[in-house]
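Quick look at start.cif (mmCIF, C-alpha atoms):
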```cif
data_input
loop_
_atom_site.group_PDB
_atom_site.id
_atom_site.type_symbol
_atom_site.label_atom_id
_atom_site.label_comp_id
_atom_site.auth_asym_id
_atom_site.auth_seq_id
_atom_site.Cartn_x
_atom_site.Cartn_y
_atom_site.Cartn_z
ATOM 1 C CA MET A 1 -56.933 -29.490 -22.152
ATOM 2 C CA GLN A 2 -55.958 -32.501 -24.182
ATOM 3 C CA ASP A 3 -57.549 -33.264 -27.513
ATOM 4 C CA PRO A 4 -60.218 -35.830 -26.603
ATOM 5 C CA ARG A 5 -59.738 -37.615 -29.914
ATOM 6 C CA GLU A 6 -56.087 -38.305 -29.220
ATOM 7 C CA PRO A 7 -55.796 -38.963 -25.505
ATOM 8 C CA SER A 8 -53.435 -41.903 -25.906
ATOM 9 C CA GLU A 9 -50.780 -39.798 -27.590
ATOM 10 C CA THR A 10 -50.796 -37.354 -24.700
ATOM 11 C CA LEU A 11 -50.946 -39.862 -21.885
ATOM 12 C CA ARG A 12 -48.791 -42.683 -23.162
ATOM 13 C CA SER A 13 -45.707 -41.670 -21.205
ATOM 14 C CA VAL A 14 -47.405 -40.142 -18.172
ATOM 15 C CA SER A 15 -47.471 -43.193 -15.902
ATOM 16 C CA SER A 16 -47.200 -46.932 -15.838
ATOM 17 C CA HIS A 17 -50.970 -47.031 -16.046
ATOM 18 C CA SER A 18 -51.284 -44.973 -19.201
ATOM 19 C CA LEU A 19 -53.106 -46.859 -21.908
ATOM 20 C CA GLU A 20 -52.765 -47.338 -25.632
ATOM 21 C CA ALA A 21 -55.765 -46.809 -27.888
ATOM 22 C CA GLN A 22 -55.828 -50.391 -29.173
ATOM 23 C CA TRP A 23 -55.652 -51.791 -25.643
ATOM 24 C CA VAL A 24 -58.699 -49.669 -24.757
ATOM 25 C CA VAL A 25 -60.553 -50.952 -27.840
ATOM 26 C CA GLY A 26 -59.744 -54.582 -26.989
ATOM 27 C CA PHE A 27 -60.723 -54.142 -23.334
ATOM 28 C CA VAL A 28 -64.000 -52.418 -24.222
ATOM 29 C CA ASP A 29 -64.689 -55.126 -26.823
ATOM 30 C CA GLY A 30 -64.486 -57.519 -23.901
ATOM 31 C CA GLU A 31 -65.838 -55.581 -20.934
ATOM 32 C CA GLY A 32 -67.531 -52.385 -22.132
ATOM 33 C CA CYS A 33 -71.226 -51.630 -22.421
ATOM 34 C CA PHE A 34 -73.165 -49.008 -24.389
ATOM 35 C CA PHE A 35 -76.572 -48.664 -22.804
ATOM 36 C CA ILE A 36 -79.653 -46.491 -23.341
ATOM 37 C CA GLY A 37 -81.775 -46.183 -20.217
ATOM 38 C CA ILE A 38 -85.354 -44.936 -20.579
ATOM 39 C CA ASN A 39 -86.822 -44.006 -17.210
ATOM 40 C CA PRO A 40 -90.214 -42.622 -16.200
ATOM 41 C CA HIS A 41 -89.861 -38.922 -15.347
ATOM 42 C CA PRO A 42 -93.109 -37.078 -14.461
ATOM 43 C CA ASP A 43 -91.545 -33.637 -14.993
ATOM 44 C CA MET A 44 -90.865 -34.323 -18.672
ATOM 45 C CA LYS A 45 -93.549 -33.628 -21.268
ATOM 46 C CA VAL A 46 -93.182 -37.076 -22.874
ATOM 47 C CA GLY A 47 -93.154 -38.695 -19.404
ATOM 48 C CA ASN A 48 -89.746 -40.328 -19.862
ATOM 49 C CA GLN A 49 -86.107 -39.423 -19.661
ATOM 50 C CA VAL A 50 -83.498 -40.919 -21.998
ATOM 51 C CA LEU A 51 -80.205 -41.732 -20.233
ATOM 52 C CA PRO A 52 -77.346 -42.924 -22.443
ATOM 53 C CA GLU A 53 -74.460 -44.500 -20.580
ATOM 54 C CA PHE A 54 -71.046 -45.946 -21.408
ATOM 55 C CA THR A 55 -69.760 -48.325 -18.723
ATOM 56 C CA VAL A 56 -66.847 -50.630 -18.005
ATOM 57 C CA VAL A 57 -67.269 -52.869 -14.952
ATOM 58 C CA GLN A 58 -64.363 -54.605 -13.185
ATOM 59 C CA HIS A 59 -63.590 -56.421 -9.962
ATOM 60 C CA GLU A 60 -62.444 -53.884 -7.373
ATOM 61 C CA ARG A 61 -58.922 -55.343 -7.421
ATOM 62 C CA ASP A 62 -58.503 -53.681 -10.842
ATOM 63 C CA ILE A 63 -59.898 -50.292 -9.828
ATOM 64 C CA GLN A 64 -56.630 -48.606 -10.915
ATOM 65 C CA LEU A 65 -57.440 -49.550 -14.512
ATOM 66 C CA LEU A 66 -60.833 -47.855 -14.282
ATOM 67 C CA TYR A 67 -59.075 -44.688 -13.126
ATOM 68 C CA ALA A 68 -56.654 -45.113 -16.046
ATOM 69 C CA LEU A 69 -59.683 -45.220 -18.395
ATOM 70 C CA LYS A 70 -61.008 -42.061 -16.733
ATOM 71 C CA ARG A 71 -57.671 -40.322 -17.354
ATOM 72 C CA PHE A 72 -57.530 -41.723 -20.885
ATOM 73 C CA PHE A 73 -60.921 -40.314 -21.893
ATOM 74 C CA GLY A 74 -60.627 -37.241 -19.666
ATOM 75 C CA CYS A 75 -64.197 -37.646 -18.394
ATOM 76 C CA GLY A 76 -66.525 -39.933 -16.443
ATOM 77 C CA VAL A 77 -66.525 -41.246 -12.873
ATOM 78 C CA VAL A 78 -65.447 -44.385 -11.027
ATOM 79 C CA ARG A 79 -68.127 -45.693 -8.648
ATOM 80 C CA ARG A 80 -69.056 -48.903 -6.870
ATOM 81 C CA ASN A 81 -71.343 -50.940 -9.120
ATOM 82 C CA HIS A 82 -72.516 -53.655 -6.741
ATOM 83 C CA ALA A 83 -70.779 -55.914 -4.205
ATOM 84 C CA ASP A 84 -67.074 -56.162 -5.166
ATOM 85 C CA ARG A 85 -67.584 -54.677 -8.638
ATOM 86 C CA MET A 86 -66.529 -51.151 -9.582
ATOM 87 C CA ALA A 87 -67.666 -49.253 -12.676
ATOM 88 C CA TYR A 88 -66.143 -46.573 -14.890
ATOM 89 C CA ARG A 89 -69.163 -44.652 -16.165
ATOM 90 C CA VAL A 90 -69.786 -41.751 -18.582
ATOM 91 C CA ARG A 91 -73.297 -40.277 -18.543
ATOM 92 C CA ASP A 92 -72.663 -36.641 -19.483
ATOM 93 C CA VAL A 93 -74.142 -36.298 -22.968
ATOM 94 C CA ASN A 94 -71.512 -33.772 -24.050
ATOM 95 C CA HIS A 95 -68.686 -36.033 -22.926
ATOM 96 C CA LEU A 96 -70.267 -38.992 -24.716
ATOM 97 C CA ARG A 97 -70.656 -36.889 -27.854
ATOM 98 C CA GLU A 98 -67.253 -35.185 -27.815
ATOM 99 C CA ARG A 99 -64.987 -37.841 -26.321
ATOM 100 C CA ILE A 100 -66.373 -41.367 -26.257
ATOM 101 C CA ILE A 101 -68.060 -41.449 -29.670
ATOM 102 C CA PRO A 102 -65.192 -39.843 -31.662
ATOM 103 C CA PHE A 103 -62.717 -42.261 -30.069
ATOM 104 C CA PHE A 104 -64.664 -45.360 -31.166
ATOM 105 C CA GLU A 105 -65.305 -43.827 -34.583
ATOM 106 C CA LYS A 106 -61.570 -43.458 -35.045
ATOM 107 C CA HIS A 107 -60.722 -46.834 -33.439
ATOM 108 C CA PRO A 108 -63.546 -49.241 -34.371
ATOM 109 C CA LEU A 109 -64.575 -52.043 -32.035
ATOM 110 C CA LYS A 110 -63.956 -55.505 -33.512
ATOM 111 C CA THR A 111 -66.692 -57.567 -31.840
ATOM 112 C CA ARG A 112 -70.409 -57.246 -32.550
ATOM 113 C CA LYS A 113 -70.412 -54.690 -29.735
ATOM 114 C CA ARG A 114 -69.688 -52.295 -32.581
ATOM 115 C CA GLN A 115 -73.348 -52.694 -33.598
ATOM 116 C CA ASP A 116 -74.387 -51.512 -30.130
ATOM 117 C CA PHE A 117 -72.014 -48.562 -30.452
ATOM 118 C CA ILE A 118 -73.562 -47.580 -33.819
ATOM 119 C CA LYS A 119 -77.074 -47.684 -32.310
ATOM 120 C CA PHE A 120 -75.830 -45.745 -29.279
ATOM 121 C CA ARG A 121 -74.393 -43.050 -31.549
ATOM 122 C CA LYS A 122 -77.673 -42.897 -33.456
ATOM 123 C CA VAL A 123 -79.609 -42.252 -30.230
ATOM 124 C CA LEU A 124 -77.160 -39.504 -29.239
ATOM 125 C CA LEU A 125 -77.704 -37.913 -32.654
ATOM 126 C CA LEU A 126 -81.496 -38.088 -32.237
ATOM 127 C CA MET A 127 -81.140 -36.475 -28.803
ATOM 128 C CA GLN A 128 -78.997 -33.707 -30.266
ATOM 129 C CA ARG A 129 -81.934 -32.929 -32.569
ATOM 130 C CA GLY A 130 -84.299 -32.935 -29.567
ATOM 131 C CA GLU A 131 -86.164 -36.035 -30.781
ATOM 132 C CA HIS A 132 -86.214 -37.536 -27.245
ATOM 133 C CA LEU A 133 -88.507 -34.660 -26.217
ATOM 134 C CA LYS A 134 -91.194 -35.672 -28.735
ATOM 135 C CA THR A 135 -93.474 -38.707 -28.424
ATOM 136 C CA GLU A 136 -92.616 -40.059 -31.862
ATOM 137 C CA GLY A 137 -88.862 -39.567 -31.412
ATOM 138 C CA LEU A 138 -88.953 -41.209 -27.988
ATOM 139 C CA GLU A 139 -90.737 -44.222 -29.508
ATOM 140 C CA ARG A 140 -88.032 -44.455 -32.156
ATOM 141 C CA ILE A 141 -85.319 -44.356 -29.469
ATOM 142 C CA ARG A 142 -87.171 -47.044 -27.513
ATOM 143 C CA VAL A 143 -87.122 -49.367 -30.555
ATOM 144 C CA ILE A 144 -83.371 -48.781 -31.107
ATOM 145 C CA ALA A 145 -82.614 -49.332 -27.400
ATOM 146 C CA SER A 146 -84.558 -52.623 -27.431
ATOM 147 C CA GLN A 147 -82.256 -53.922 -30.183
ATOM 148 C CA MET A 148 -79.088 -53.262 -28.179
ATOM 149 C CA ASN A 149 -77.080 -55.640 -25.981
ATOM 150 C CA THR A 150 -79.077 -58.610 -27.242
ATOM 151 C CA GLY A 151 -76.092 -60.954 -26.928
ATOM 152 C CA ARG A 152 -75.081 -59.865 -23.448
ATOM 153 C CA GLU A 153 -73.225 -62.424 -21.424
ATOM 154 C CA ARG A 154 -74.222 -61.165 -18.009
ATOM 155 C CA MET B 1 -43.156 -69.519 -40.581
ATOM 156 C CA GLN B 2 -43.724 -66.219 -38.842
ATOM 157 C CA ASP B 3 -41.816 -65.211 -35.766
ATOM 158 C CA PRO B 4 -44.220 -66.103 -32.920
ATOM 159 C CA ARG B 5 -43.000 -63.169 -30.859
ATOM 160 C CA GLU B 6 -44.035 -60.656 -33.504
ATOM 161 C CA PRO B 7 -47.214 -61.984 -35.108
ATOM 162 C CA SER B 8 -48.893 -58.612 -35.227
ATOM 163 C CA GLU B 9 -46.216 -57.098 -37.426
ATOM 164 C CA THR B 10 -46.673 -59.844 -39.987
ATOM 165 C CA LEU B 11 -50.437 -60.011 -39.925
ATOM 166 C CA ARG B 12 -51.404 -56.399 -39.501
ATOM 167 C CA SER B 13 -52.170 -55.812 -43.174
ATOM 168 C CA VAL B 14 -53.330 -59.298 -44.119
ATOM 169 C CA SER B 15 -57.080 -58.885 -43.664
ATOM 170 C CA SER B 16 -59.703 -56.711 -42.093
ATOM 171 C CA HIS B 17 -59.671 -59.107 -39.155
ATOM 172 C CA SER B 18 -55.953 -58.898 -38.493
ATOM 173 C CA LEU B 19 -55.275 -57.759 -34.963
ATOM 174 C CA GLU B 20 -52.879 -55.395 -33.255
ATOM 175 C CA ALA B 21 -50.849 -56.597 -30.287
ATOM 176 C CA GLN B 22 -52.358 -54.064 -27.861
ATOM 177 C CA TRP B 23 -55.908 -54.976 -28.920
ATOM 178 C CA VAL B 24 -55.095 -58.622 -28.155
ATOM 179 C CA VAL B 25 -53.699 -57.641 -24.729
ATOM 180 C CA GLY B 26 -56.800 -55.571 -23.921
ATOM 181 C CA PHE B 27 -59.175 -58.287 -25.091
ATOM 182 C CA VAL B 28 -57.340 -61.009 -23.140
ATOM 183 C CA ASP B 29 -57.268 -58.712 -20.078
ATOM 184 C CA GLY B 30 -61.056 -58.770 -20.389
ATOM 185 C CA GLU B 31 -61.902 -62.202 -21.734
ATOM 186 C CA GLY B 32 -58.855 -64.469 -21.534
ATOM 187 C CA CYS B 33 -58.120 -67.239 -19.065
ATOM 188 C CA PHE B 34 -54.890 -68.964 -18.046
ATOM 189 C CA PHE B 35 -55.821 -72.260 -16.449
ATOM 190 C CA ILE B 36 -53.937 -75.251 -15.026
ATOM 191 C CA GLY B 37 -56.040 -78.410 -15.059
ATOM 192 C CA ILE B 38 -54.918 -81.328 -12.881
ATOM 193 C CA ASN B 39 -56.778 -84.503 -13.822
ATOM 194 C CA PRO B 40 -56.574 -88.055 -12.478
ATOM 195 C CA HIS B 41 -54.688 -90.243 -14.967
ATOM 196 C CA PRO B 42 -54.083 -93.878 -13.893
ATOM 197 C CA ASP B 43 -51.352 -94.423 -16.515
ATOM 198 C CA MET B 44 -49.114 -91.747 -14.998
ATOM 199 C CA LYS B 45 -46.737 -92.671 -12.174
ATOM 200 C CA VAL B 46 -47.898 -89.737 -10.007
ATOM 201 C CA GLY B 47 -51.554 -90.578 -10.793
ATOM 202 C CA ASN B 48 -52.335 -87.170 -12.271
ATOM 203 C CA GLN B 49 -51.842 -85.299 -15.496
ATOM 204 C CA VAL B 50 -51.161 -81.525 -15.595
ATOM 205 C CA LEU B 51 -53.002 -79.739 -18.423
ATOM 206 C CA PRO B 52 -52.183 -76.049 -18.910
ATOM 207 C CA GLU B 53 -54.632 -74.189 -21.103
ATOM 208 C CA PHE B 54 -54.994 -70.674 -22.508
ATOM 209 C CA THR B 55 -58.585 -69.868 -23.498
ATOM 210 C CA VAL B 56 -60.683 -67.000 -24.814
ATOM 211 C CA VAL B 57 -64.453 -67.606 -24.792
ATOM 212 C CA GLN B 58 -66.938 -65.581 -26.871
ATOM 213 C CA HIS B 59 -70.532 -65.702 -28.010
ATOM 214 C CA GLU B 60 -70.708 -67.589 -31.311
ATOM 215 C CA ARG B 61 -71.675 -64.376 -33.116
ATOM 216 C CA ASP B 62 -68.028 -63.282 -32.709
ATOM 217 C CA ILE B 63 -66.455 -66.550 -33.859
ATOM 218 C CA GLN B 64 -64.527 -64.694 -36.593
ATOM 219 C CA LEU B 65 -62.524 -62.939 -33.862
ATOM 220 C CA LEU B 66 -61.540 -66.274 -32.321
ATOM 221 C CA TYR B 67 -60.238 -67.354 -35.729
ATOM 222 C CA ALA B 68 -58.395 -64.035 -35.951
ATOM 223 C CA LEU B 69 -56.731 -64.857 -32.605
ATOM 224 C CA LYS B 70 -55.798 -68.286 -33.959
ATOM 225 C CA ARG B 71 -54.160 -66.640 -36.983
ATOM 226 C CA PHE B 72 -52.533 -64.029 -34.768
ATOM 227 C CA PHE B 73 -50.830 -66.597 -32.519
ATOM 228 C CA GLY B 74 -50.372 -69.167 -35.296
ATOM 229 C CA CYS B 75 -51.575 -71.997 -33.068
ATOM 230 C CA GLY B 76 -54.567 -73.319 -31.115
ATOM 231 C CA VAL B 77 -58.063 -74.397 -32.100
ATOM 232 C CA VAL B 78 -61.570 -72.894 -32.174
ATOM 233 C CA ARG B 79 -64.200 -75.205 -30.650
ATOM 234 C CA ARG B 80 -67.676 -74.983 -29.189
ATOM 235 C CA ASN B 81 -67.402 -74.331 -25.451
ATOM 236 C CA HIS B 82 -70.985 -74.850 -24.313
ATOM 237 C CA ALA B 83 -74.383 -73.739 -25.629
ATOM 238 C CA ASP B 84 -73.864 -70.606 -27.772
ATOM 239 C CA ARG B 85 -70.299 -70.013 -26.554
ATOM 240 C CA MET B 86 -67.220 -70.709 -28.665
ATOM 241 C CA ALA B 87 -63.651 -70.958 -27.365
ATOM 242 C CA TYR B 88 -60.221 -70.264 -28.788
ATOM 243 C CA ARG B 89 -57.976 -72.703 -26.946
ATOM 244 C CA VAL B 90 -54.243 -73.482 -26.824
ATOM 245 C CA ARG B 91 -53.254 -76.676 -24.997
ATOM 246 C CA ASP B 92 -50.102 -77.739 -26.846
ATOM 247 C CA VAL B 93 -47.303 -77.192 -24.333
ATOM 248 C CA ASN B 94 -44.790 -76.215 -27.022
ATOM 249 C CA HIS B 95 -47.159 -73.639 -28.488
ATOM 250 C CA LEU B 96 -47.847 -72.226 -25.028
ATOM 251 C CA ARG B 97 -44.113 -72.053 -24.351
ATOM 252 C CA GLU B 98 -42.984 -70.676 -27.704
ATOM 253 C CA ARG B 99 -45.877 -68.456 -28.743
ATOM 254 C CA ILE B 100 -48.332 -67.529 -25.987
ATOM 255 C CA ILE B 101 -45.879 -66.940 -23.137
ATOM 256 C CA PRO B 102 -43.321 -64.866 -25.127
ATOM 257 C CA PHE B 103 -46.145 -62.670 -26.463
ATOM 258 C CA PHE B 104 -47.452 -61.775 -22.984
ATOM 259 C CA GLU B 105 -43.883 -61.339 -21.699
ATOM 260 C CA LYS B 106 -43.304 -58.752 -24.405
ATOM 261 C CA HIS B 107 -46.793 -57.170 -24.090
ATOM 262 C CA PRO B 108 -47.756 -57.326 -20.386
ATOM 263 C CA LEU B 109 -51.369 -57.695 -19.312
ATOM 264 C CA LYS B 110 -52.641 -54.682 -17.357
ATOM 265 C CA THR B 111 -55.253 -56.275 -15.081
ATOM 266 C CA ARG B 112 -54.496 -58.607 -12.187
ATOM 267 C CA LYS B 113 -54.823 -61.389 -14.762
ATOM 268 C CA ARG B 114 -51.113 -60.759 -15.187
ATOM 269 C CA GLN B 115 -50.625 -62.531 -11.832
ATOM 270 C CA ASP B 116 -52.373 -65.600 -13.259
ATOM 271 C CA PHE B 117 -50.143 -65.408 -16.314
ATOM 272 C CA ILE B 118 -46.995 -65.313 -14.134
ATOM 273 C CA LYS B 119 -48.158 -68.392 -12.191
ATOM 274 C CA PHE B 120 -49.089 -70.100 -15.472
ATOM 275 C CA ARG B 121 -45.591 -69.441 -16.826
ATOM 276 C CA LYS B 122 -44.074 -70.809 -13.610
ATOM 277 C CA VAL B 123 -46.005 -74.086 -13.999
ATOM 278 C CA LEU B 124 -44.874 -74.389 -17.633
ATOM 279 C CA LEU B 125 -41.276 -73.917 -16.445
ATOM 280 C CA LEU B 126 -41.695 -76.604 -13.761
ATOM 281 C CA MET B 127 -43.146 -78.939 -16.413
ATOM 282 C CA GLN B 128 -40.191 -78.253 -18.680
ATOM 283 C CA ARG B 129 -37.967 -79.523 -15.858
ATOM 284 C CA GLY B 130 -40.167 -82.613 -15.515
ATOM 285 C CA GLU B 131 -41.392 -81.611 -12.042
ATOM 286 C CA HIS B 132 -45.007 -82.581 -12.881
ATOM 287 C CA LEU B 133 -43.835 -86.204 -13.104
ATOM 288 C CA LYS B 134 -42.647 -86.235 -9.471
ATOM 289 C CA THR B 135 -44.931 -86.303 -6.418
ATOM 290 C CA GLU B 136 -43.323 -83.274 -4.794
ATOM 291 C CA GLY B 137 -43.318 -81.225 -8.007
ATOM 292 C CA LEU B 138 -46.954 -82.100 -8.685
ATOM 293 C CA GLU B 139 -47.864 -80.937 -5.196
ATOM 294 C CA ARG B 140 -46.083 -77.643 -5.834
ATOM 295 C CA ILE B 141 -47.992 -77.205 -9.102
ATOM 296 C CA ARG B 142 -51.250 -77.987 -7.305
ATOM 297 C CA VAL B 143 -50.587 -75.185 -4.800
ATOM 298 C CA ILE B 144 -49.787 -72.680 -7.581
ATOM 299 C CA ALA B 145 -52.892 -73.719 -9.563
ATOM 300 C CA SER B 146 -55.098 -73.236 -6.485
ATOM 301 C CA GLN B 147 -53.953 -69.604 -6.251
ATOM 302 C CA MET B 148 -54.968 -68.820 -9.832
ATOM 303 C CA ASN B 149 -58.207 -67.269 -11.120
ATOM 304 C CA THR B 150 -59.277 -66.397 -7.599
ATOM 305 C CA GLY B 151 -61.092 -63.247 -8.750
ATOM 306 C CA ARG B 152 -62.915 -64.888 -11.629
ATOM 307 C CA GLU B 153 -66.133 -63.253 -12.653
ATOM 308 C CA ARG B 154 -67.765 -66.340 -14.094
#
```

Is it possible to give me this structure as structure tokens?
Amino acid sequence: MQDPREPSETLRSVSSHSLEAQWVVGFVDGEGCFFIGINPHPDMKVGNQVLPEFTVVQHERDIQLLYALKRFFGCGVVRRNHADRMAYRVRDVNHLRERIIPFFEKHPLKTRKRQDFIKFRKVLLLMQRGEHLKTEGLERIRVIASQMNTGRER
Amino acid sequence: MQDPREPSETLRSVSSHSLEAQWVVGFVDGEGCFFIGINPHPDMKVGNQVLPEFTVVQHERDIQLLYALKRFFGCGVVRRNHADRMAYRVRDVNHLRERIIPFFEKHPLKTRKRQDFIKFRKVLLLMQRGEHLKTEGLERIRVIASQMNTGRER
């Protein structure tokens, strides 16, 4: 299995759709989204489930690039988002922790989206400590999530 | 003056906001636009003026990145687009021809936006031959322009 922190080195020569790390950073600066969903979940003690998600949405004509991102990170899925939009999506907490977060730590985003990434990472850290399973921790996550994606364009 | 085909090599170490070529490609794949405006212009013999334009629009909170693009390409202006949106914009035909086009020839876009770039380059070539000043040439440019940005998201 490839080293998730260095996928570009491994994949660069694999196909015409292999990606370079800086291209991925620039594309995610433009099109990526770090999102913390908090959904009601009656089975959970605190009544809510925390669902972190990294997404890149594109018109379906560029679906091959979403698959290239999937190969690049070595995780995630490509699914229809809505209408003619497709999404590359990573929801698995271990994949977020071991692949997505280390990549953007090593290759920092250049737009203010970096602030969303930092908050996203903080929530993942709180979840690793089990804070999302306690009322107080969940409230803290809710405050952080409310401060994310405040300058969203769509 | 820096070589316009290799701005990243020159600027890479200049400041914390210097950009790498592949980041620029990824960001333009996400946020850039190649556009051919055709506006009525009574002073012109063919009655219309052709206005090619390369633009990257961002929320004003990321204005420093638009200035970084301006430094990277060594041309263009940063202006308010509308409301809280700012735009990096290159309209000068010589700058488009000598700086923007050679950069994206050397570092190809990966999304279907590359098709818009190829059409954009074709119009610039027709203009170089003076075709935009003839009725038939203008009509040809109009057809090419109508086939651009067909999958625009906004």

Fill in: Contacts of stretch 136-143 of chain B at 8 Å (all atoms listed in the file; same-chain gap of 5+ positions) as an NGL selection string
:B and (38 or 46 or 123 or 126 or 131)

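Of the residues listed (A:Asp43, A:Gln49, A:Leu69, A:Val77), A:Leu69 shows the shortest atom-to-atom separation from A:Leu19; distances use only C-alpha atoms.
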
Response to the item:
The residue from B:His82, B:Gly30, B:Pro42, B:Ser18 with the smallest atom-to-atom distance to B:Gln64, counting all atoms listed in the file, is B:Ser18

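The list of residues with at least one atom within 10 Å of B:Ile101, based on only C-alpha atoms and without residues fewer than 2 positions apart in the same chain, reads Pro4, Arg5, Phe54, His95, Leu96, Arg97, Glu98, Arg99, Phe103, Phe104, Glu105, Lys106, His107, Phe117, Ile118, Phe120, Arg121 and Leu124 of chain B.
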
Resulting file, chosen residues, C-alpha atoms, as a PDB file, keeping the file's coordinate frame:
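After the write, out_1.pdb holds the following:
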```pdb
ATOM      1  CA  PRO B   4     -44.220 -66.103 -32.920  1.00  0.00           C
ATOM      2  CA  ARG B   5     -43.000 -63.169 -30.859  1.00  0.00           C
ATOM      3  CA  PHE B  54     -54.994 -70.674 -22.508  1.00  0.00           C
ATOM      4  CA  HIS B  95     -47.159 -73.639 -28.488  1.00  0.00           C
ATOM      5  CA  LEU B  96     -47.847 -72.226 -25.028  1.00  0.00           C
ATOM      6  CA  ARG B  97     -44.113 -72.053 -24.351  1.00  0.00           C
ATOM      7  CA  GLU B  98     -42.984 -70.676 -27.704  1.00  0.00           C
ATOM      8  CA  ARG B  99     -45.877 -68.456 -28.743  1.00  0.00           C
ATOM      9  CA  PHE B 103     -46.145 -62.670 -26.463  1.00  0.00           C
ATOM     10  CA  PHE B 104     -47.452 -61.775 -22.984  1.00  0.00           C
ATOM     11  CA  GLU B 105     -43.883 -61.339 -21.699  1.00  0.00           C
ATOM     12  CA  LYS B 106     -43.304 -58.752 -24.405  1.00  0.00           C
ATOM     13  CA  HIS B 107     -46.793 -57.170 -24.090  1.00  0.00           C
ATOM     14  CA  PHE B 117     -50.143 -65.408 -16.314  1.00  0.00           C
ATOM     15  CA  ILE B 118     -46.995 -65.313 -14.134  1.00  0.00           C
ATOM     16  CA  PHE B 120     -49.089 -70.100 -15.472  1.00  0.00           C
ATOM     17  CA  ARG B 121     -45.591 -69.441 -16.826  1.00  0.00           C
ATOM     18  CA  LEU B 124     -44.874 -74.389 -17.633  1.00  0.00           C
TER      19      LEU B 124
END
```

List, as a PDB file with C-alpha atoms, keeping the file's coordinate frame, every residue that the PyMOL selection byres ((chain B) within 12 of (chain A)) selects in the file provided.
```
ATOM      1  CA  SER B  16     -59.703 -56.711 -42.093  1.00  0.00           C
ATOM      2  CA  HIS B  17     -59.671 -59.107 -39.155  1.00  0.00           C
ATOM      3  CA  SER B  18     -55.953 -58.898 -38.493  1.00  0.00           C
ATOM      4  CA  LEU B  19     -55.275 -57.759 -34.963  1.00  0.00           C
ATOM      5  CA  GLU B  20     -52.879 -55.395 -33.255  1.00  0.00           C
ATOM      6  CA  ALA B  21     -50.849 -56.597 -30.287  1.00  0.00           C
ATOM      7  CA  GLN B  22     -52.358 -54.064 -27.861  1.00  0.00           C
ATOM      8  CA  TRP B  23     -55.908 -54.976 -28.920  1.00  0.00           C
ATOM      9  CA  VAL B  24     -55.095 -58.622 -28.155  1.00  0.00           C
ATOM     10  CA  VAL B  25     -53.699 -57.641 -24.729  1.00  0.00           C
ATOM     11  CA  GLY B  26     -56.800 -55.571 -23.921  1.00  0.00           C
ATOM     12  CA  PHE B  27     -59.175 -58.287 -25.091  1.00  0.00           C
ATOM     13  CA  VAL B  28     -57.340 -61.009 -23.140  1.00  0.00           C
ATOM     14  CA  ASP B  29     -57.268 -58.712 -20.078  1.00  0.00           C
ATOM     15  CA  GLY B  30     -61.056 -58.770 -20.389  1.00  0.00           C
ATOM     16  CA  GLU B  31     -61.902 -62.202 -21.734  1.00  0.00           C
ATOM     17  CA  GLY B  32     -58.855 -64.469 -21.534  1.00  0.00           C
ATOM     18  CA  VAL B  56     -60.683 -67.000 -24.814  1.00  0.00           C
ATOM     19  CA  VAL B  57     -64.453 -67.606 -24.792  1.00  0.00           C
ATOM     20  CA  GLN B  58     -66.938 -65.581 -26.871  1.00  0.00           C
ATOM     21  CA  HIS B  59     -70.532 -65.702 -28.010  1.00  0.00           C
ATOM     22  CA  GLU B  60     -70.708 -67.589 -31.311  1.00  0.00           C
ATOM     23  CA  ARG B  61     -71.675 -64.376 -33.116  1.00  0.00           C
ATOM     24  CA  ASP B  62     -68.028 -63.282 -32.709  1.00  0.00           C
ATOM     25  CA  ILE B  63     -66.455 -66.550 -33.859  1.00  0.00           C
ATOM     26  CA  GLN B  64     -64.527 -64.694 -36.593  1.00  0.00           C
ATOM     27  CA  LEU B  65     -62.524 -62.939 -33.862  1.00  0.00           C
ATOM     28  CA  LEU B  66     -61.540 -66.274 -32.321  1.00  0.00           C
ATOM     29  CA  ALA B  68     -58.395 -64.035 -35.951  1.00  0.00           C
ATOM     30  CA  LEU B  69     -56.731 -64.857 -32.605  1.00  0.00           C
ATOM     31  CA  ASP B  84     -73.864 -70.606 -27.772  1.00  0.00           C
ATOM     32  CA  ARG B  85     -70.299 -70.013 -26.554  1.00  0.00           C
ATOM     33  CA  HIS B 107     -46.793 -57.170 -24.090  1.00  0.00           C
ATOM     34  CA  PRO B 108     -47.756 -57.326 -20.386  1.00  0.00           C
ATOM     35  CA  LEU B 109     -51.369 -57.695 -19.312  1.00  0.00           C
ATOM     36  CA  LYS B 110     -52.641 -54.682 -17.357  1.00  0.00           C
ATOM     37  CA  THR B 111     -55.253 -56.275 -15.081  1.00  0.00           C
ATOM     38  CA  ARG B 112     -54.496 -58.607 -12.187  1.00  0.00           C
ATOM     39  CA  LYS B 113     -54.823 -61.389 -14.762  1.00  0.00           C
ATOM     40  CA  ARG B 114     -51.113 -60.759 -15.187  1.00  0.00           C
ATOM     41  CA  GLN B 115     -50.625 -62.531 -11.832  1.00  0.00           C
ATOM     42  CA  THR B 150     -59.277 -66.397  -7.599  1.00  0.00           C
ATOM     43  CA  GLY B 151     -61.092 -63.247  -8.750  1.00  0.00           C
ATOM     44  CA  ARG B 152     -62.915 -64.888 -11.629  1.00  0.00           C
ATOM     45  CA  GLU B 153     -66.133 -63.253 -12.653  1.00  0.00           C
ATOM     46  CA  ARG B 154     -67.765 -66.340 -14.094  1.00  0.00           C
TER      47      ARG B 154
END
```

Worksheet item: Could you state the separation of atom CA of A:Asp92 and atom CA of A:Leu51 in Å, given to one decimal place?
Response: 9.1 Å

Fill in: Interatomic distance (Å, one decimal) between atom CA of A:His41 and atom CA of A:Arg80
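Answer for the atom CA of A:His41 to atom CA of A:Arg80 separation: 24.6 Å.
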